[in-house]
Structure formats: C-alpha cells, structure tokens
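**Q** What follows is the file query-v5.csv, containing CSV, C-alpha atoms:
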chain,number,residue,atom,x,y,z
A,1,ASN,CA,-43.6,10.5,-7.4
A,2,GLN,CA,-42.6,14.1,-8.0
A,3,SER,CA,-45.9,14.7,-9.8
A,4,ARG,CA,-47.9,13.3,-7.0
A,5,HIS,CA,-45.8,15.2,-4.4
A,6,SER,CA,-46.3,18.5,-6.4
A,7,THR,CA,-50.1,17.9,-6.6
A,8,ALA,CA,-50.3,17.3,-2.9
A,9,GLU,CA,-48.4,20.5,-2.2
A,10,VAL,CA,-50.6,22.5,-4.5
A,11,LEU,CA,-53.9,21.1,-3.2
A,12,GLY,CA,-52.9,21.0,0.5
A,13,VAL,CA,-55.8,19.8,2.7
A,14,LEU,CA,-58.0,19.2,-0.4
A,15,ALA,CA,-55.7,16.3,-1.3
A,16,ALA,CA,-56.1,14.8,2.2
A,17,MET,CA,-59.8,15.2,3.0
A,18,GLY,CA,-63.1,15.5,1.3
A,19,TRP,CA,-64.3,14.6,-2.2
A,20,LEU,CA,-61.2,15.3,-4.2
A,21,SER,CA,-59.0,13.2,-1.8
A,22,GLU,CA,-61.0,10.1,-2.8
A,23,GLN,CA,-60.5,10.6,-6.6
A,24,PRO,CA,-57.7,9.1,-8.7
A,25,GLY,CA,-54.3,10.8,-8.7
A,26,ASP,CA,-54.3,11.8,-12.3
A,27,PHE,CA,-57.6,13.6,-11.9
A,28,GLN,CA,-56.3,15.4,-8.8
A,29,GLU,CA,-53.3,16.4,-10.8
A,30,ARG,CA,-55.5,18.0,-13.5
A,31,ILE,CA,-57.5,19.9,-10.9
A,32,ALA,CA,-54.2,21.1,-9.3
A,33,ARG,CA,-53.0,22.5,-12.6
A,34,ALA,CA,-56.3,24.1,-13.6
A,35,GLY,CA,-57.2,26.1,-10.4
A,36,ARG,CA,-55.7,28.6,-8.1
A,37,TRP,CA,-56.0,29.7,-4.5
A,38,ILE,CA,-57.9,32.8,-3.5
A,39,THR,CA,-58.6,34.4,-0.1
A,40,LEU,CA,-62.1,35.3,1.1
A,41,PRO,CA,-62.4,37.6,4.1
A,42,LYS,CA,-65.1,36.9,6.8
A,43,GLY,CA,-68.5,38.1,5.7
A,44,ALA,CA,-67.7,38.1,1.9
A,45,ARG,CA,-69.9,36.3,-0.5
A,46,LEU,CA,-68.3,33.6,-2.7
A,47,PHE,CA,-71.4,33.8,-4.9
A,48,HIS,CA,-75.1,34.7,-4.7
A,49,ALA,CA,-78.2,32.7,-5.7
A,50,GLY,CA,-79.3,33.7,-9.2
A,51,GLU,CA,-75.8,34.4,-10.5
A,52,PRO,CA,-74.3,32.6,-13.5
A,53,ALA,CA,-71.9,29.9,-12.6
A,54,THR,CA,-68.3,30.8,-13.5
A,55,ALA,CA,-66.3,28.4,-11.2
A,56,MET,CA,-66.5,25.8,-8.6
A,57,PHE,CA,-64.7,26.0,-5.3
A,58,GLY,CA,-62.9,23.8,-2.7
A,59,LEU,CA,-62.4,25.1,0.8
A,60,GLY,CA,-58.9,24.8,2.2
A,61,GLU,CA,-59.1,26.9,5.3
A,62,GLY,CA,-61.9,28.5,7.3
A,63,LEU,CA,-65.7,27.9,7.3
A,64,LEU,CA,-68.4,28.6,4.6
A,65,ASP,CA,-72.1,29.2,5.3
A,66,ILE,CA,-74.5,27.8,2.8
A,67,ALA,CA,-77.8,29.6,2.4
A,68,ILE,CA,-81.0,28.8,0.5
A,69,PRO,CA,-83.3,31.6,-0.7
A,70,ILE,CA,-86.9,31.2,0.5
A,71,SER,CA,-88.1,34.5,-1.0
A,72,GLU,CA,-86.8,37.4,-3.1
A,73,ASP,CA,-85.3,39.1,0.0
A,74,GLU,CA,-84.8,36.3,2.5
A,75,GLU,CA,-82.3,33.4,2.8
A,76,VAL,CA,-81.9,30.6,5.4
A,77,THR,CA,-78.5,29.3,6.3
A,78,VAL,CA,-78.7,25.5,6.4
A,79,HIS,CA,-75.1,24.3,6.7
A,80,ARG,CA,-71.6,25.4,7.8
A,81,ALA,CA,-69.0,23.7,5.6
A,82,PRO,CA,-65.5,22.7,7.0
A,83,PRO,CA,-62.2,22.4,5.0
A,84,GLY,CA,-62.3,19.7,2.3
A,85,PHE,CA,-65.8,20.8,1.2
A,86,TRP,CA,-66.5,21.6,-2.5
A,87,ILE,CA,-69.4,23.6,-3.9
A,88,GLY,CA,-70.5,25.2,-7.1
A,89,ASP,CA,-70.4,22.1,-9.3
A,90,GLY,CA,-74.1,21.7,-9.8
A,91,ALA,CA,-74.8,25.0,-11.5
A,92,LEU,CA,-71.5,24.8,-13.3
A,93,LEU,CA,-72.1,21.4,-14.9
A,94,SER,CA,-75.8,21.9,-15.6
A,95,SER,CA,-75.4,25.5,-17.0
A,96,VAL,CA,-78.1,26.9,-14.7
A,97,PRO,CA,-77.9,29.9,-12.4
A,98,ARG,CA,-76.7,29.5,-8.8
A,99,GLN,CA,-79.4,28.0,-6.5
A,100,LEU,CA,-77.5,28.8,-3.3
A,101,SER,CA,-75.6,31.6,-1.7
A,102,ILE,CA,-72.2,31.0,-0.1
A,103,GLU,CA,-70.7,33.4,2.5
A,104,ALA,CA,-67.4,33.2,4.5
A,105,ALA,CA,-68.2,32.5,8.1
A,106,THR,CA,-64.5,33.1,8.9
A,107,ASP,CA,-61.5,34.2,6.8
A,108,CYS,CA,-61.2,31.5,4.2
A,109,LEU,CA,-58.7,30.1,1.7
A,110,VAL,CA,-60.5,28.8,-1.3
A,111,PHE,CA,-59.3,26.9,-4.4
A,112,ARG,CA,-61.1,28.3,-7.5
A,113,LEU,CA,-61.6,26.0,-10.5
A,114,PRO,CA,-62.9,28.1,-13.4
A,115,ILE,CA,-65.6,26.9,-15.8
A,116,GLU,CA,-63.2,27.1,-18.8
A,117,ALA,CA,-60.8,24.7,-17.1
A,118,VAL,CA,-63.5,22.2,-16.3
A,119,GLN,CA,-64.8,22.3,-19.9
A,120,ARG,CA,-61.3,21.6,-21.2
A,121,MET,CA,-60.9,18.7,-18.8
A,122,LEU,CA,-64.2,17.1,-19.8
A,123,GLU,CA,-63.4,17.5,-23.5
A,124,ALA,CA,-60.0,15.9,-23.1
A,125,PHE,CA,-60.9,13.3,-20.4
A,126,PRO,CA,-64.6,12.3,-20.7
A,127,ARG,CA,-64.2,9.9,-17.8
A,128,ASP,CA,-63.8,13.0,-15.5
A,129,TRP,CA,-67.6,13.3,-15.7
A,130,MET,CA,-67.8,10.4,-13.3
A,131,TYR,CA,-65.6,12.1,-10.7
A,132,PHE,CA,-67.6,15.3,-10.9
A,133,HIS,CA,-70.8,13.4,-10.7
A,134,ARG,CA,-69.6,11.8,-7.4
A,135,LEU,CA,-69.3,15.3,-6.0
A,136,SER,CA,-72.8,16.3,-7.1
A,137,SER,CA,-74.1,13.1,-5.5
A,138,LEU,CA,-72.4,13.8,-2.2
A,139,ASN,CA,-73.8,17.4,-2.1
A,140,ALA,CA,-77.3,16.2,-3.1
A,141,THR,CA,-77.2,13.6,-0.3
A,142,LEU,CA,-76.2,16.3,2.2
A,143,ALA,CA,-79.0,18.5,1.0
A,144,VAL,CA,-81.6,15.8,1.3
A,145,ARG,CA,-80.4,14.6,4.7
A,146,THR,CA,-80.5,18.2,6.0
A,147,LEU,CA,-84.0,18.6,4.8
A,148,ALA,CA,-85.1,15.3,6.2
A,149,GLU,CA,-83.7,16.2,9.6
A,150,MET,CA,-85.5,19.5,9.6
A,151,ILE,CA,-88.8,17.9,8.7
A,152,ALA,CA,-88.8,14.6,10.7
A,153,LEU,CA,-86.7,15.1,13.8
A,154,PRO,CA,-87.9,16.7,17.1
A,155,PRO,CA,-85.8,19.8,18.2
A,156,ARG,CA,-83.4,17.9,20.5
A,157,ALA,CA,-82.5,15.3,17.9
A,158,ARG,CA,-82.3,17.9,15.2
A,159,PHE,CA,-79.9,20.0,17.3
A,160,ALA,CA,-77.7,17.0,18.0
A,161,ARG,CA,-77.5,16.0,14.3
A,162,LEU,CA,-76.7,19.6,13.4
A,163,LEU,CA,-73.7,19.6,15.8
A,164,LEU,CA,-72.5,16.3,14.4
A,165,ARG,CA,-72.8,17.6,10.8
A,166,ILE,CA,-70.8,20.8,11.3
A,167,ARG,CA,-68.2,19.6,13.7
A,168,LEU,CA,-64.6,20.0,12.6
A,169,PRO,CA,-62.0,17.2,12.4
A,170,ASP,CA,-60.9,18.0,16.0
A,171,ASN,CA,-64.5,17.5,17.1
A,172,THR,CA,-65.0,21.2,17.9
A,173,VAL,CA,-67.8,23.4,16.6
A,174,ARG,CA,-67.1,27.0,15.7
A,175,VAL,CA,-70.5,28.7,15.7
A,176,THR,CA,-72.5,31.0,17.9
A,177,GLN,CA,-75.8,30.1,19.6
A,178,GLU,CA,-77.7,32.4,17.3
A,179,GLU,CA,-76.2,30.8,14.3
A,180,LEU,CA,-77.0,27.3,15.6
A,181,GLY,CA,-80.6,28.2,16.2
A,182,ARG,CA,-80.9,29.6,12.7
A,183,MET,CA,-79.3,26.6,11.0
A,184,ALA,CA,-81.6,24.2,13.1
A,185,GLY,CA,-84.7,26.1,12.0
A,186,MET,CA,-85.8,26.8,15.6
A,187,SER,CA,-87.4,29.9,17.1
A,188,ARG,CA,-85.2,31.7,19.7
A,189,ALA,CA,-87.3,30.3,22.6
A,190,ALA,CA,-87.2,26.7,21.2
A,191,PHE,CA,-83.5,26.9,20.7
A,192,ARG,CA,-82.8,28.1,24.2
A,193,ARG,CA,-84.8,25.2,25.7
A,194,THR,CA,-83.1,22.6,23.5
A,195,PHE,CA,-79.6,24.1,24.0
A,196,GLY,CA,-80.1,24.1,27.7
A,197,SER,CA,-81.4,20.6,27.7
A,198,CYS,CA,-78.5,19.2,25.6
A,199,CYS,CA,-75.7,21.2,27.3
A,200,ALA,CA,-76.8,21.2,31.0
A,201,PRO,CA,-74.2,19.6,33.2
A,202,THR,CA,-75.0,16.1,34.6
A,203,ALA,CA,-74.7,15.2,38.3
Represent the supplied structure as structure tokens.

**A**
Amino acid sequence: NQSRHSTAEVLGVLAAMGWLSEQPGDFQERIARAGRWITLPKGARLFHAGEPATAMFGLGEGLLDIAIPISEDEEVTVHRAPPGFWIGDGALLSSVPRQLSIEAATDCLVFRLPIEAVQRMLEAFPRDWMYFHRLSSLNATLAVRTLAEMIALPPRARFARLLLRIRLPDNTVRVTQEELGRMAGMSRAAFRRTFGSCCAPTA
C-alpha cells in the first residue's frame, strides 16, 4: 500500500489519467522511480523534429502543441495535448530521429523518462514492451484519426471534432481563434465563416 501511495504521489495526474494510469501498478512504480519532473516555460521546445531521441515525456500540467514538419523550414501544428498525454516513445523505442516537434503552449510540468532508464526497464522486464507498445498504438491512432478528419470532413465538422479532441477534462478549450484555424488546416476566411456558424447564438 505504501508503495502504491508513493507511486501516486510521485506521478500525480499521470497516475490518474492517460496511458500510464491504465497500466499495471508495478509498471507505474518502475516509471515513477526512473523519471523526474521538469518545468517547461511557455514557448519553449521540448524537442525538435530531426533530433535524436533521448527521453520520453508525460505531461502533468499545462498544454503541449504537436507540430509536423511539411518542409525544411515550415511546420504545421496538428494537436494540442492536455495533461495525461505522453509523447516521444516512438522515436525512443525505434531508435530513429524525432519525427515531430513539441512546444509548450503554456507553462508546463513534464515528467521526463530518459532513454537509459527505459532500456534498463526493458532488459529487466521484457513484458514492459507490451505497455510501451500500447502507448505507441494510442498515439498512432490519434495521428491517423487527425489526418482522416483533415482529409474527409467538411470545415464545420472538422472544426467541431477539433474542439472535442483538444477539450480539457472540465470541457473548456484553452486556445486562440488563430491557433484553432491553424490546427484545423483552414484559411483565415474559411475559419471565420466556420467559427461564426458554429458559435453564433441561437434564438
């Protein structure tokens, strides 16, 4: 009981929501022992696309923007992640450079799990591969769903799905209109029309 209590204290919100909260207690305990909390001020980059992977991260407080590079000097923000979100596992476990860029949309508290700790866990507990694979599957599903919405849905439906995807547990959305339009892949004019249509008061 003391071990579980200590693990929950160390992990905070990460033990209560998101991928890690759904994994076994002994695995959570190993994660809690292996990582540490760091602060990330608003506007700071957690990592850039193209960098080698040195750690994976869980978001305890704040919001993270996820961007995909579409050229050498341009990125597109496709998602705003809430607390409980984990990222960085894909490049870490596959030993490839980062494919995404992550920036703090607000001041953030992030749990950093270094690559050396992950490697030690997997050597000592091979079953842990399954738990990490669950995270990779969740993030891959999110990426595919986001792409499908961008391709298949009309602007109004795409905008509504975006709001649902980035809402916080209290059902609020912390984002500017400009950021919403960028994440929805809309031109400024198209976004204004869609935003006005969705948010206009009803009689």

**Q** Given all atoms listed in the file as the basis, pick out the residue of A:Leu135, A:Ala148, A:Leu20, A:Ala81 nearest to Ala67 of chain A.

**A** A:Ala81

**Q** Segment 61-64 of chain A: which residues within 8 Å, counting all atoms listed in the file, same-chain residues fewer than 2 positions away excluded, as number ranges by chain?

**A** A: 59, 66, 80-83, 102-110

**Q** When you draw a straight line from atom CA of Val10 of chain A to atom CA of Glu22 of chain A, how long is it in Å?

**A**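 A separation of 16.3 Å between them.
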
**Q** Go through A:Leu14, A:Met130, A:Ala140, A:Ala55 and flag the residue nearest Ala32 of chain A, using all atoms listed in the file for the distances.

**A**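 Closest to Ala32 of chain A, using all atoms listed in the file: A:Leu14.
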
**Q** I'd like the interatomic distance between atom CA of Ala15 of chain A and atom CA of Ile38 of chain A, to a tenth of an Å.

**A** 16.8 Å

**Q** Which one of A:Gly60, A:Met17, A:Glu72, A:Val173 sits closest to Thr39 of chain A if you count all atoms listed in the file?

**A**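 Smallest separation from Thr39 of chain A among the options: A:Gly60.
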
**Q** So the first atom is atom CA of Thr146 of chain A and the second is atom CA of Thr77 of chain A; what is the distance between them in Å, to one decimal place?

**A**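 Atom-to-atom, atom CA of Thr146 of chain A to atom CA of Thr77 of chain A, that is 11.3 Å.
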
**Q** Using all atoms listed in the file, which of the listed residues (A:Trp86, A:Phe47, A:Phe111, A:Trp19) sits closest to Ala34 of chain A?

**A**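 Among the listed residues, A:Phe111 lies closest to Ala34 of chain A.
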
**Q** Calculated over all atoms listed in the file, which of the candidates A:Tyr131, A:Asn171, A:Val118, A:Asp73 has the smallest distance to Asp26 of chain A?

**A**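 Closest to Asp26 of chain A, using all atoms listed in the file: A:Tyr131.
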
**Q** Which of these, A:Glu9, A:Pro52, A:Ser101, A:Ser95, has the shortest distance to Val78 of chain A once you count all atoms listed in the file?

**A**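 Looking only at the distances to Val78 of chain A, the closest residue turns out to be A:Ser101.
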